[in-house]
>>> print(open('upload.pdb').read())   # PDB, C-alpha atoms
ATOM      1  CA  MET G   1      76.333  -6.655 -42.885
ATOM      2  CA  PRO G   2      74.473  -3.804 -41.161
ATOM      3  CA  THR G   3      74.516  -0.371 -42.750
ATOM      4  CA  ALA G   4      75.654   2.725 -40.891
ATOM      5  CA  ALA G   5      72.081   4.032 -41.008
ATOM      6  CA  HIS G   6      70.788   0.887 -39.297
ATOM      7  CA  LEU G   7      73.529   1.037 -36.691
ATOM      8  CA  PHE G   8      72.663   4.659 -36.016
ATOM      9  CA  GLU G   9      69.003   3.817 -35.452
ATOM     10  CA  ARG G  10      69.874   0.946 -33.154
ATOM     11  CA  HIS G  11      72.615   2.530 -31.075
ATOM     12  CA  HIS G  12      72.731   6.319 -31.250
ATOM     13  CA  LEU G  13      70.580   6.864 -28.190
ATOM     14  CA  ALA G  14      72.594   4.451 -26.048
ATOM     15  CA  VAL G  15      75.874   5.969 -27.238
ATOM     16  CA  PHE G  16      74.635   9.495 -26.622
ATOM     17  CA  ARG G  17      73.396   8.624 -23.122
ATOM     18  CA  PHE G  18      76.592   6.772 -22.340
ATOM     19  CA  LEU G  19      78.586   9.884 -23.232
ATOM     20  CA  ARG G  20      76.242  12.095 -21.198
ATOM     21  CA  ARG G  21      76.576   9.844 -18.163
ATOM     22  CA  MET G  22      80.329   9.883 -18.606
ATOM     23  CA  GLY G  23      80.084  13.616 -17.971
ATOM     24  CA  LEU G  24      79.881  15.266 -21.381
ATOM     25  CA  PRO G  25      77.579  18.242 -21.849
ATOM     26  CA  GLN G  26      74.755  17.906 -24.401
ATOM     27  CA  ALA G  27      76.562  19.621 -27.294
ATOM     28  CA  ASP G  28      79.799  17.676 -26.771
ATOM     29  CA  ALA G  29      77.881  14.411 -26.481
ATOM     30  CA  GLU G  30      76.121  15.117 -29.796
ATOM     31  CA  ASP G  31      79.399  16.079 -31.426
ATOM     32  CA  LEU G  32      81.116  12.930 -30.234
ATOM     33  CA  THR G  33      78.134  10.759 -31.180
ATOM     34  CA  GLN G  34      78.485  12.161 -34.703
ATOM     35  CA  ASP G  35      82.196  11.309 -34.689
ATOM     36  CA  VAL G  36      81.385   7.791 -33.499
ATOM     37  CA  PHE G  37      79.141   7.167 -36.490
ATOM     38  CA  LEU G  38      81.633   8.802 -38.848
ATOM     39  CA  ARG G  39      84.201   6.321 -37.569
ATOM     40  CA  ILE G  40      81.675   3.512 -37.936
ATOM     41  CA  VAL G  41      81.166   4.389 -41.611
ATOM     42  CA  GLN G  42      84.942   4.164 -42.122
ATOM     43  CA  ALA G  43      85.350   1.003 -40.046
ATOM     44  CA  LEU G  44      82.293  -0.873 -41.319
ATOM     45  CA  PRO G  45      84.203  -2.873 -43.978
ATOM     46  CA  SER G  46      86.419  -4.323 -41.233
ATOM     47  CA  TYR G  47      83.505  -5.179 -38.939
ATOM     48  CA  GLU G  48      83.328  -8.883 -38.258
ATOM     49  CA  GLU G  49      79.826 -10.139 -37.629
ATOM     50  CA  ARG G  50      80.971 -12.726 -35.157
ATOM     51  CA  GLU G  51      81.686 -10.002 -32.594
ATOM     52  CA  SER G  52      78.910  -8.249 -30.718
ATOM     53  CA  GLU G  53      77.606  -5.290 -32.687
ATOM     54  CA  ARG G  54      76.856  -3.348 -29.515
ATOM     55  CA  ALA G  55      80.284  -4.033 -28.053
ATOM     56  CA  TRP G  56      81.893  -2.907 -31.318
ATOM     57  CA  VAL G  57      79.951   0.354 -31.368
ATOM     58  CA  PHE G  58      80.732   1.042 -27.719
ATOM     59  CA  ARG G  59      84.402   0.256 -28.213
ATOM     60  CA  ILE G  60      84.525   2.933 -30.902
ATOM     61  CA  ALA G  61      82.647   5.384 -28.655
ATOM     62  CA  ARG G  62      84.939   4.656 -25.736
ATOM     63  CA  ASN G  63      88.125   4.992 -27.784
ATOM     64  CA  LEU G  64      87.045   8.253 -29.374
ATOM     65  CA  ARG G  65      86.122   9.662 -25.993
ATOM     66  CA  LEU G  66      89.531   8.678 -24.618
ATOM     67  CA  ASP G  67      91.267  10.121 -27.698
ATOM     68  CA  ARG G  68      89.516  13.420 -27.182
ATOM     69  CA  TRP G  69      90.364  13.329 -23.526
ATOM     70  CA  ARG G  70      94.045  12.720 -24.252
ATOM     71  CA  ALA G  71      94.137  15.317 -27.023
ATOM     72  CA  SER G  72      92.763  17.960 -24.693
ATOM     73  CA  GLY G  73      95.347  17.043 -22.066
ATOM     74  CA  ARG G  74      92.783  17.172 -19.313
ATOM     75  CA  ALA G  75      89.870  15.244 -17.902
ATOM     76  CA  PRO G  76      86.793  14.962 -20.137
ATOM     77  CA  ALA G  77      84.600  18.045 -20.092
ATOM     78  CA  THR G  78      81.882  17.842 -17.513
ATOM     79  CA  GLU G  79      79.063  20.159 -16.738
ATOM     80  CA  PRO G  80      80.075  22.333 -13.809
ATOM     81  CA  LEU G  81      78.102  21.706 -10.674
ATOM     82  CA  GLY G  82      78.805  24.911  -8.815
ATOM     83  CA  GLU G  83      76.967  25.553  -5.578
ATOM     84  CA  GLU G  84      74.983  28.425  -7.033
ATOM     85  CA  LYS G  85      73.729  26.127  -9.783
ATOM     86  CA  VAL G  86      72.677  23.457  -7.323
ATOM     87  CA  VAL G  87      70.805  26.017  -5.232
ATOM     88  CA  ALA G  88      69.060  27.438  -8.270
ATOM     89  CA  ILE G  89      67.778  24.109  -9.387
ATOM     90  CA  ALA G  90      64.492  22.858  -8.064
ATOM     91  CA  ALA G  91      64.584  20.380  -5.210
ATOM     92  CA  ALA G  92      63.303  17.649  -7.467
ATOM     93  CA  ARG G  93      66.549  17.808  -9.439
ATOM     94  CA  VAL G  94      68.852  17.549  -6.445
ATOM     95  CA  ASP G  95      68.830  13.772  -6.516
ATOM     96  CA  ALA G  96      69.890  13.787 -10.157
ATOM     97  CA  LEU G  97      72.712  16.194  -9.359
ATOM     98  CA  ALA G  98      73.807  14.080  -6.402
ATOM     99  CA  ILE G  99      74.008  11.072  -8.707
ATOM    100  CA  GLU G 100      75.963  13.074 -11.251
ATOM    101  CA  GLN G 101      78.412  14.155  -8.579
ATOM    102  CA  ALA G 102      78.719  10.659  -7.138
ATOM    103  CA  LEU G 103      79.384   9.231 -10.599
ATOM    104  CA  GLY G 104      82.052  11.888 -11.034
ATOM    105  CA  ARG G 105      83.817  10.619  -7.941
ATOM    106  CA  LEU G 106      83.956   7.037  -9.196
ATOM    107  CA  GLY G 107      87.146   5.736 -10.752
ATOM    108  CA  GLU G 108      87.180   5.938 -14.554
ATOM    109  CA  ALA G 109      87.090   2.149 -15.064
ATOM    110  CA  GLU G 110      84.295   1.634 -12.526
ATOM    111  CA  ARG G 111      82.190   4.457 -13.916
ATOM    112  CA  GLU G 112      82.669   3.304 -17.486
ATOM    113  CA  ALA G 113      81.687  -0.292 -16.693
ATOM    114  CA  LEU G 114      78.658   0.725 -14.644
ATOM    115  CA  VAL G 115      77.394   3.223 -17.223
ATOM    116  CA  MET G 116      77.860   0.755 -20.075
ATOM    117  CA  ARG G 117      75.834  -1.734 -18.076
ATOM    118  CA  GLU G 118      73.068   0.543 -16.755
ATOM    119  CA  VAL G 119      72.732   2.990 -19.617
ATOM    120  CA  GLY G 120      73.973   0.968 -22.588
ATOM    121  CA  GLY G 121      72.528  -2.338 -21.428
ATOM    122  CA  LEU G 122      75.713  -4.224 -22.289
ATOM    123  CA  SER G 123      76.403  -7.622 -20.783
ATOM    124  CA  TYR G 124      79.620  -8.237 -18.860
ATOM    125  CA  ALA G 125      81.052 -10.052 -21.871
ATOM    126  CA  GLU G 126      80.212  -7.112 -24.137
ATOM    127  CA  ILE G 127      81.720  -4.602 -21.724
ATOM    128  CA  ALA G 128      84.830  -6.760 -21.557
ATOM    129  CA  GLU G 129      84.985  -6.765 -25.357
ATOM    130  CA  ALA G 130      84.511  -3.012 -25.532
ATOM    131  CA  THR G 131      87.040  -2.134 -22.850
ATOM    132  CA  GLY G 132      89.628  -4.860 -23.233
ATOM    133  CA  ALA G 133      89.093  -6.116 -19.681
ATOM    134  CA  THR G 134      88.096  -9.603 -18.604
ATOM    135  CA  PRO G 135      84.446 -10.364 -17.693
ATOM    136  CA  ASP G 136      85.576 -11.050 -14.124
ATOM    137  CA  ALA G 137      87.193  -7.624 -13.911
ATOM    138  CA  VAL G 138      84.024  -6.069 -15.302
ATOM    139  CA  ARG G 139      81.867  -7.834 -12.710
ATOM    140  CA  SER G 140      84.191  -6.635  -9.974
ATOM    141  CA  ARG G 141      84.240  -3.026 -11.260
ATOM    142  CA  ILE G 142      80.468  -2.838 -11.468
ATOM    143  CA  HIS G 143      80.152  -4.271  -7.995
ATOM    144  CA  ARG G 144      82.636  -1.752  -6.584
ATOM    145  CA  ALA G 145      80.810   1.078  -8.329
ATOM    146  CA  ARG G 146      77.489   0.008  -6.855
ATOM    147  CA  LEU G 147      78.893  -0.257  -3.351
ATOM    148  CA  PHE G 148      80.449   3.194  -3.681
ATOM    149  CA  LEU G 149      77.242   4.795  -4.955
ATOM    150  CA  ARG G 150      75.197   3.063  -2.287
ATOM    151  CA  ARG G 151      77.534   4.334   0.396
ATOM    152  CA  THR G 152      77.763   7.837  -1.088
ATOM    153  CA  LEU G 153      74.105   8.343  -1.815
ATOM    154  CA  GLY G 154      72.818   6.669   1.306
ATOM    155  CA  GLY G 155      71.544   3.137   1.846
ATOM    156  CA  ALA G 156      67.956   2.593   0.823
ATOM    157  CA  ARG G 157      67.449   5.733  -1.229
ATOM    158  CA  ARG G 158      64.671   6.348  -3.642
ATOM    159  CA  PRO G 159      65.535   8.323  -6.758
ATOM    160  CA  SER G 160      63.498  11.440  -7.488
ATOM    161  CA  ARG G 161      62.064   9.988 -10.661
ATOM    162  CA  ALA G 162      60.230   7.431  -8.492
ATOM    163  CA  GLY G 163      58.529  10.366  -6.812
ATOM    164  CA  ALA G 164      60.053   9.957  -3.371
ATOM    165  CA  GLY G 165      62.950  11.525  -1.508
ATOM    166  CA  ARG G 166      65.820  10.011   0.390
ATOM    167  CA  GLU G 167      64.877   7.713   3.194
ATOM    168  CA  ALA G 168      66.154   8.343   6.718
TER     169      ALA G 168
ATOM    170  CA  MET O   1      83.143 -13.865  -4.579
ATOM    171  CA  GLU O   2      81.587 -11.498  -2.076
ATOM    172  CA  ALA O   3      77.906 -11.912  -1.218
ATOM    173  CA  SER O   4      76.970  -8.500  -2.615
ATOM    174  CA  GLU O   5      78.974  -9.228  -5.762
ATOM    175  CA  ILE O   6      76.807 -12.270  -6.385
ATOM    176  CA  LEU O   7      73.714 -10.111  -5.945
ATOM    177  CA  SER O   8      75.171  -7.467  -8.259
ATOM    178  CA  ALA O   9      75.773 -10.043 -10.990
ATOM    179  CA  PHE O  10      72.319 -11.542 -10.398
ATOM    180  CA  VAL O  11      70.690  -8.117 -10.817
ATOM    181  CA  ASP O  12      72.495  -7.814 -14.148
ATOM    182  CA  GLY O  13      71.178 -11.139 -15.377
ATOM    183  CA  GLU O  14      74.627 -12.711 -15.394
ATOM    184  CA  ALA O  15      75.133 -16.372 -14.616
ATOM    185  CA  VAL O  16      75.482 -17.106 -10.895
ATOM    186  CA  GLU O  17      75.739 -20.392  -9.083
ATOM    187  CA  VAL O  18      72.256 -21.225  -7.757
ATOM    188  CA  GLY O  19      73.463 -22.699  -4.474
ATOM    189  CA  GLU O  20      75.581 -19.621  -3.763
ATOM    190  CA  LEU O  21      72.703 -17.312  -4.634
ATOM    191  CA  ALA O  22      70.341 -19.186  -2.308
ATOM    192  CA  ALA O  23      72.812 -18.870   0.560
ATOM    193  CA  VAL O  24      73.376 -15.163  -0.117
ATOM    194  CA  LEU O  25      69.649 -14.423  -0.306
ATOM    195  CA  ALA O  26      69.080 -16.143   3.021
ATOM    196  CA  ALA O  27      71.647 -13.900   4.735
ATOM    197  CA  PRO O  28      70.522 -10.791   6.648
ATOM    198  CA  GLY O  29      70.604  -7.557   4.624
ATOM    199  CA  ALA O  30      70.419  -9.350   1.266
ATOM    200  CA  ARG O  31      66.945  -8.042   0.508
ATOM    201  CA  GLU O  32      67.988  -4.420   1.193
ATOM    202  CA  THR O  33      71.119  -4.791  -0.910
ATOM    203  CA  LEU O  34      69.127  -6.201  -3.806
ATOM    204  CA  ILE O  35      66.588  -3.381  -3.614
ATOM    205  CA  ASP O  36      69.322  -0.743  -3.355
ATOM    206  CA  PHE O  37      71.018  -2.092  -6.461
ATOM    207  CA  LEU O  38      67.753  -1.947  -8.381
ATOM    208  CA  ARG O  39      67.094   1.597  -7.184
ATOM    209  CA  LEU O  40      70.571   2.618  -8.251
ATOM    210  CA  ARG O  41      69.780   1.270 -11.690
ATOM    211  CA  THR O  42      66.815   3.595 -11.957
ATOM    212  CA  ALA O  43      68.878   6.472 -10.636
ATOM    213  CA  VAL O  44      71.828   5.970 -12.983
ATOM    214  CA  ALA O  45      69.630   5.453 -16.044
ATOM    215  CA  ASP O  46      69.716   8.504 -18.290
ATOM    216  CA  ASP O  47      66.678   9.794 -20.129
ATOM    217  CA  THR O  48      68.237  12.732 -21.953
ATOM    218  CA  GLN O  49      67.780  12.919 -25.709
ATOM    219  CA  PRO O  50      69.929  14.322 -28.462
ATOM    220  CA  SER O  51      68.283  17.267 -30.185
ATOM    221  CA  ARG O  52      65.804  16.519 -32.950
ATOM    222  CA  GLU O  53      67.913  18.561 -35.408
ATOM    223  CA  PHE O  54      70.950  16.421 -34.667
ATOM    224  CA  VAL O  55      69.067  13.164 -35.225
ATOM    225  CA  GLN O  56      67.465  14.396 -38.457
ATOM    226  CA  ARG O  57      70.782  15.676 -39.789
ATOM    227  CA  MET O  58      72.451  12.355 -39.048
ATOM    228  CA  ARG O  59      69.616  10.384 -40.638
ATOM    229  CA  ARG O  60      69.811  12.475 -43.806
ATOM    230  CA  ARG O  61      73.557  12.053 -44.070
ATOM    231  CA  LEU O  62      73.582   8.342 -43.376
ATOM    232  CA  ALA O  63      70.592   7.623 -45.610
ATOM    233  CA  GLY O  64      72.326   9.438 -48.482
ATOM    234  CA  GLY O  65      75.167   6.960 -48.279
ATOM    235  CA  GLY O  66      77.616   9.725 -47.498
ATOM    236  CA  PHE O  67      78.742  11.044 -44.183
ATOM    237  CA  GLU O  68      80.484  14.283 -44.617
ATOM    238  CA  ARG O  69      80.991  17.293 -42.466
ATOM    239  CA  THR O  70      80.268  20.824 -43.627
ATOM    240  CA  ALA O  71      83.773  21.707 -44.852
ATOM    241  CA  PRO O  72      84.320  18.636 -47.056
ATOM    242  CA  ARG O  73      80.883  19.194 -48.575
ATOM    243  CA  LEU O  74      81.921  22.704 -49.606
ATOM    244  CA  LEU O  75      85.172  21.362 -50.976
ATOM    245  CA  ARG O  76      83.286  18.801 -53.015
ATOM    246  CA  LEU O  77      80.993  21.508 -54.321
ATOM    247  CA  ALA O  78      83.989  23.632 -55.345
ATOM    248  CA  ALA O  79      85.619  20.630 -57.015
ATOM    249  CA  ALA O  80      82.405  19.909 -58.921
ATOM    250  CA  LEU O  81      82.278  23.528 -60.079
ATOM    251  CA  VAL O  82      85.873  23.404 -61.340
ATOM    252  CA  LEU O  83      85.234  20.121 -63.155
ATOM    253  CA  THR O  84      82.093  21.496 -64.786
ATOM    254  CA  THR O  85      83.982  24.582 -65.999
ATOM    255  CA  LEU O  86      86.825  22.482 -67.374
ATOM    256  CA  ALA O  87      84.366  20.167 -69.089
ATOM    257  CA  THR O  88      82.578  23.137 -70.693
ATOM    258  CA  VAL O  89      85.830  24.644 -71.943
ATOM    259  CA  GLY O  90      86.965  21.258 -73.205
ATOM    260  CA  ALA O  91      83.692  20.667 -75.024
ATOM    261  CA  TYR O  92      83.845  24.112 -76.672
ATOM    262  CA  ASP O  93      87.400  23.434 -77.766
ATOM    263  CA  LEU O  94      86.404  20.090 -79.221
ATOM    264  CA  VAL O  95      83.510  21.529 -81.193
ATOM    265  CA  CYS O  96      85.114  24.750 -82.419
ATOM    266  CA  GLY O  97      88.832  24.130 -82.268
ATOM    267  CA  ALA O  98      89.273  20.595 -83.500
ATOM    268  CA  ARG O  99      86.851  20.768 -86.467
ATOM    269  CA  PRO O 100      88.459  19.065 -89.534
ATOM    270  CA  PRO O 101      89.188  21.491 -92.424
ATOM    271  CA  ARG O 102      87.094  21.377 -95.608
ATOM    272  CA  PRO O 103      88.936  19.959 -98.676
ATOM    273  CA  ASP O 104      88.951  23.331-100.472
ATOM    274  CA  GLU O 105      89.999  25.224 -97.361
ATOM    275  CA  PRO O 106      93.624  26.357 -97.222
ATOM    276  CA  PRO O 107      95.521  25.187 -94.186
ATOM    277  CA  LYS O 108      95.707  27.559 -91.261
ATOM    278  CA  ALA O 109      98.770  29.700 -90.991
ATOM    279  CA  THR O 110     101.156  28.483 -88.389
ATOM    280  CA  ARG O 111     103.554  31.439 -88.761
ATOM    281  CA  VAL O 112     103.133  34.990 -89.990
ATOM    282  CA  ILE O 113     106.119  36.820 -91.473
ATOM    283  CA  ARG O 114     105.745  40.526 -92.093
ATOM    284  CA  PHE O 115     108.019  42.515 -94.411
ATOM    285  CA  GLN O 116     108.266  46.236 -94.180
ATOM    286  CA  PRO O 117     108.416  48.118 -97.506
ATOM    287  CA  GLY O 118     111.658  50.052 -97.892
ATOM    288  CA  LEU O 119     113.327  48.016 -95.179
ATOM    289  CA  ASP O 120     112.864  44.383 -96.172
ATOM    290  CA  TRP O 121     112.435  45.062 -99.871
ATOM    291  CA  LYS O 122     112.806  47.999-102.272
ATOM    292  CA  PRO O 123     110.338  48.587-105.092
ATOM    293  CA  VAL O 124     112.026  48.606-108.557
ATOM    294  CA  GLU O 125     110.722  50.855-111.330
ATOM    295  CA  GLY O 126     108.785  49.051-114.052
ATOM    296  CA  ARG O 127     108.540  45.794-112.090
ATOM    297  CA  ARG O 128     105.829  44.581-109.817
TER     298      ARG O 128
END
>>> encode(input="upload.pdb", output="structure tokens")
Amino acid sequence: MPTAAHLFERHHLAVFRFLRRMGLPQADAEDLTQDVFLRIVQALPSYEERESERAWVFRIARNLRLDRWRASGRAPATEPLGEEKVVAIAAARVDALAIEQALGRLGEAEREALVMREVGGLSYAEIAEATGATPDAVRSRIHRARLFLRRTLGGARRPSRAGAGREA
Amino acid sequence: MEASEILSAFVDGEAVEVGELAAVLAAPGARETLIDFLRLRTAVADDTQPSREFVQRMRRRLAGGGFERTAPRLLRLAAALVLTTLATVGAYDLVCGARPPRPDEPPKATRVIRFQPGLDWKPVEGRR
């Protein structure tokens, strides 16, 4: 059986980035990542090795995020993207902000599935295990998310990190 | 399944039917769709990091076998302090209070009765 320390080393970065991409500011993402591993320490005795470790960790992260969301009675905290902030940020960051905004316009289920796949590296089966959906539903959600982002961000775009701007 | 859905699953390394994939790839626009999906992957990927302090704090806590927040740690400290005090008092009581009496030592008084002269007794002349 893995220890909590091992699980932290293996998964904390993916969990943290998942929470960031789901819209949480840095401090909230760290706070929730801590809660995830606190829960893991408590839940470790009931962990069954036949299930995917990554899916198990992400299920805990997902549920805690939803719990916090419900407890606050509002949508999960996101970093505000006011116009003044966008203007103040260097042009190189605009693409990243556009992606953030586009992700924010995705449906919760689509965003969650896509982020688990692209940021967490989970397979469809693992996402299904973590979210309680079927692998077919996961495939469909990820596909819908990609089509939406493609349409929203423009067809053959190049992200800023690749060193190029949006194509005409 | 839609053509772009097959490409989406293919990009993710999921199982797709080879014949279907071949047909989809031969269709116009398939190349662009495939490239767009891969570019979206790069765009959606997140490279932010939790702070170094956070990671070190977590490592310390998890390596120590305990995972406690600040408040419970203080509570545990207070509880340890109370237990230490009680243990010290108990030990002192054991050593000093429960020592067995020596054989020639009279037993300790359990009750003290005081008589006031003139009130509880009267002295009689010629008698002690």
>>> atom_distance(input="upload.pdb", atom1="CA of Leu24 in chain G", atom2="CA of Arg65 in chain G")
9.6 Å
>>> resolve_selection(input="upload.pdb", expression="the PyMOL selection byres ((chain O) within 6 of (chain G))", output="list in words")
Glu5, Ser8, Asp36, Ala43, Ala45 and Leu62 of chain O
>>> resolve_selection(input="upload.pdb", expression="the PyMOL selection byres ((chain O and resi 24) around 12)", output="ChimeraX atom specification")
/O:1-8,10,16-23,25-31,33-34
>>> atom_distance(input="upload.pdb", atom1="CA of Asp12 in chain O", atom2="CA of Val138 in chain G")
11.7 Å
>>> resolve_selection(input="upload.pdb", expression="the PyMOL selection byres ((chain G and resi 51-57) around 8)", output="PDB file with C-alpha atoms, in the frame of the given file")
ATOM      1  CA  HIS G  11      72.615   2.530 -31.075  1.00  0.00           C
ATOM      2  CA  VAL G  36      81.385   7.791 -33.499  1.00  0.00           C
ATOM      3  CA  ILE G  40      81.675   3.512 -37.936  1.00  0.00           C
ATOM      4  CA  GLU G  48      83.328  -8.883 -38.258  1.00  0.00           C
ATOM      5  CA  GLU G  49      79.826 -10.139 -37.629  1.00  0.00           C
ATOM      6  CA  ARG G  50      80.971 -12.726 -35.157  1.00  0.00           C
ATOM      7  CA  PHE G  58      80.732   1.042 -27.719  1.00  0.00           C
ATOM      8  CA  ARG G  59      84.402   0.256 -28.213  1.00  0.00           C
ATOM      9  CA  ILE G  60      84.525   2.933 -30.902  1.00  0.00           C
ATOM     10  CA  ALA G  61      82.647   5.384 -28.655  1.00  0.00           C
ATOM     11  CA  LEU G 122      75.713  -4.224 -22.289  1.00  0.00           C
ATOM     12  CA  GLU G 126      80.212  -7.112 -24.137  1.00  0.00           C
ATOM     13  CA  ILE G 127      81.720  -4.602 -21.724  1.00  0.00           C
ATOM     14  CA  GLU G 129      84.985  -6.765 -25.357  1.00  0.00           C
ATOM     15  CA  ALA G 130      84.511  -3.012 -25.532  1.00  0.00           C
TER      16      ALA G 130
END
>>> closest_residue(input="upload.pdb", among="G:Arg151, G:Arg10, G:Arg62, G:Arg70", to="Leu40 in chain O", atoms="all atoms listed in the file")
G:Arg151
>>> atom_distance(input="upload.pdb", atom1="CA of Thr48 in chain O", atom2="CA of Arg111 in chain G")
18.1 Å
>>> axis_aligned_box(input="upload.pdb", around="range 104-110 of chain G", padding_each_side="6 Å", output="JSON")
{"center_x": 84.6, "center_y": 6.8, "center_z": -11.5, "size_x": 17.1, "size_y": 22.3, "size_z": 19.1}
>>> decode(input="upload.pdb", residues="range 30-91 of chain O", atoms="C-alpha atoms", output="PDB file, in the first residue's frame")
ATOM      1  CA  ALA O  30      -8.718  15.912 -40.772  1.00  0.00           C
ATOM      2  CA  ARG O  31      -5.113  17.073 -40.686  1.00  0.00           C
ATOM      3  CA  GLU O  32      -6.103  20.566 -39.462  1.00  0.00           C
ATOM      4  CA  THR O  33      -8.411  19.126 -36.824  1.00  0.00           C
ATOM      5  CA  LEU O  34      -5.684  16.827 -35.550  1.00  0.00           C
ATOM      6  CA  ILE O  35      -3.176  19.675 -35.365  1.00  0.00           C
ATOM      7  CA  ASP O  36      -5.686  21.965 -33.643  1.00  0.00           C
ATOM      8  CA  PHE O  37      -6.375  19.342 -31.000  1.00  0.00           C
ATOM      9  CA  LEU O  38      -2.664  18.956 -30.329  1.00  0.00           C
ATOM     10  CA  ARG O  39      -2.213  22.722 -30.113  1.00  0.00           C
ATOM     11  CA  LEU O  40      -5.097  22.942 -27.683  1.00  0.00           C
ATOM     12  CA  ARG O  41      -3.328  20.383 -25.541  1.00  0.00           C
ATOM     13  CA  THR O  42      -0.300  22.629 -25.299  1.00  0.00           C
ATOM     14  CA  ALA O  43      -2.502  25.620 -24.602  1.00  0.00           C
ATOM     15  CA  VAL O  44      -4.568  23.976 -21.864  1.00  0.00           C
ATOM     16  CA  ALA O  45      -1.540  22.439 -20.150  1.00  0.00           C
ATOM     17  CA  ASP O  46      -0.720  24.301 -16.953  1.00  0.00           C
ATOM     18  CA  ASP O  47       2.820  24.973 -15.811  1.00  0.00           C
ATOM     19  CA  THR O  48       2.106  26.785 -12.556  1.00  0.00           C
ATOM     20  CA  GLN O  49       3.753  25.469  -9.408  1.00  0.00           C
ATOM     21  CA  PRO O  50       2.687  25.459  -5.799  1.00  0.00           C
ATOM     22  CA  SER O  51       4.971  27.575  -3.640  1.00  0.00           C
ATOM     23  CA  ARG O  52       8.156  25.970  -2.362  1.00  0.00           C
ATOM     24  CA  GLU O  53       7.073  26.666   1.243  1.00  0.00           C
ATOM     25  CA  PHE O  54       3.835  24.775   0.695  1.00  0.00           C
ATOM     26  CA  VAL O  55       5.601  21.733  -0.754  1.00  0.00           C
ATOM     27  CA  GLN O  56       8.224  21.673   2.011  1.00  0.00           C
ATOM     28  CA  ARG O  57       5.592  22.034   4.722  1.00  0.00           C
ATOM     29  CA  MET O  58       3.578  19.176   3.258  1.00  0.00           C
ATOM     30  CA  ARG O  59       6.649  16.963   2.918  1.00  0.00           C
ATOM     31  CA  ARG O  60       7.606  17.568   6.546  1.00  0.00           C
ATOM     32  CA  ARG O  61       4.123  16.778   7.783  1.00  0.00           C
ATOM     33  CA  LEU O  62       3.656  13.677   5.681  1.00  0.00           C
ATOM     34  CA  ALA O  63       7.155  12.356   6.355  1.00  0.00           C
ATOM     35  CA  GLY O  64       6.545  12.707  10.103  1.00  0.00           C
ATOM     36  CA  GLY O  65       3.646  10.305   9.814  1.00  0.00           C
ATOM     37  CA  GLY O  66       1.245  12.945  11.050  1.00  0.00           C
ATOM     38  CA  PHE O  67      -0.803  15.400   9.107  1.00  0.00           C
ATOM     39  CA  GLU O  68      -2.116  18.034  11.353  1.00  0.00           C
ATOM     40  CA  ARG O  69      -3.105  21.607  10.902  1.00  0.00           C
ATOM     41  CA  THR O  70      -1.838  24.410  13.111  1.00  0.00           C
ATOM     42  CA  ALA O  71      -4.707  24.438  15.628  1.00  0.00           C
ATOM     43  CA  PRO O  72      -4.700  20.704  16.433  1.00  0.00           C
ATOM     44  CA  ARG O  73      -0.932  20.871  16.875  1.00  0.00           C
ATOM     45  CA  LEU O  74      -1.372  23.566  19.521  1.00  0.00           C
ATOM     46  CA  LEU O  75      -4.088  21.529  21.173  1.00  0.00           C
ATOM     47  CA  ARG O  76      -1.804  18.522  21.276  1.00  0.00           C
ATOM     48  CA  LEU O  77       0.944  20.640  22.775  1.00  0.00           C
ATOM     49  CA  ALA O  78      -1.433  21.920  25.467  1.00  0.00           C
ATOM     50  CA  ALA O  79      -2.618  18.380  26.185  1.00  0.00           C
ATOM     51  CA  ALA O  80       0.988  17.208  26.506  1.00  0.00           C
ATOM     52  CA  LEU O  81       1.696  20.044  28.936  1.00  0.00           C
ATOM     53  CA  VAL O  82      -1.307  19.133  31.103  1.00  0.00           C
ATOM     54  CA  LEU O  83      -0.317  15.458  31.113  1.00  0.00           C
ATOM     55  CA  THR O  84       3.257  16.300  32.078  1.00  0.00           C
ATOM     56  CA  THR O  85       2.045  18.468  34.975  1.00  0.00           C
ATOM     57  CA  LEU O  86      -0.328  15.772  36.193  1.00  0.00           C
ATOM     58  CA  ALA O  87       2.408  13.164  35.938  1.00  0.00           C
ATOM     59  CA  THR O  88       4.790  15.361  37.959  1.00  0.00           C
ATOM     60  CA  VAL O  89       2.206  15.968  40.673  1.00  0.00           C
ATOM     61  CA  GLY O  90       1.336  12.282  40.729  1.00  0.00           C
ATOM     62  CA  ALA O  91       4.977  11.268  41.010  1.00  0.00           C
TER      63      ALA O  91
END
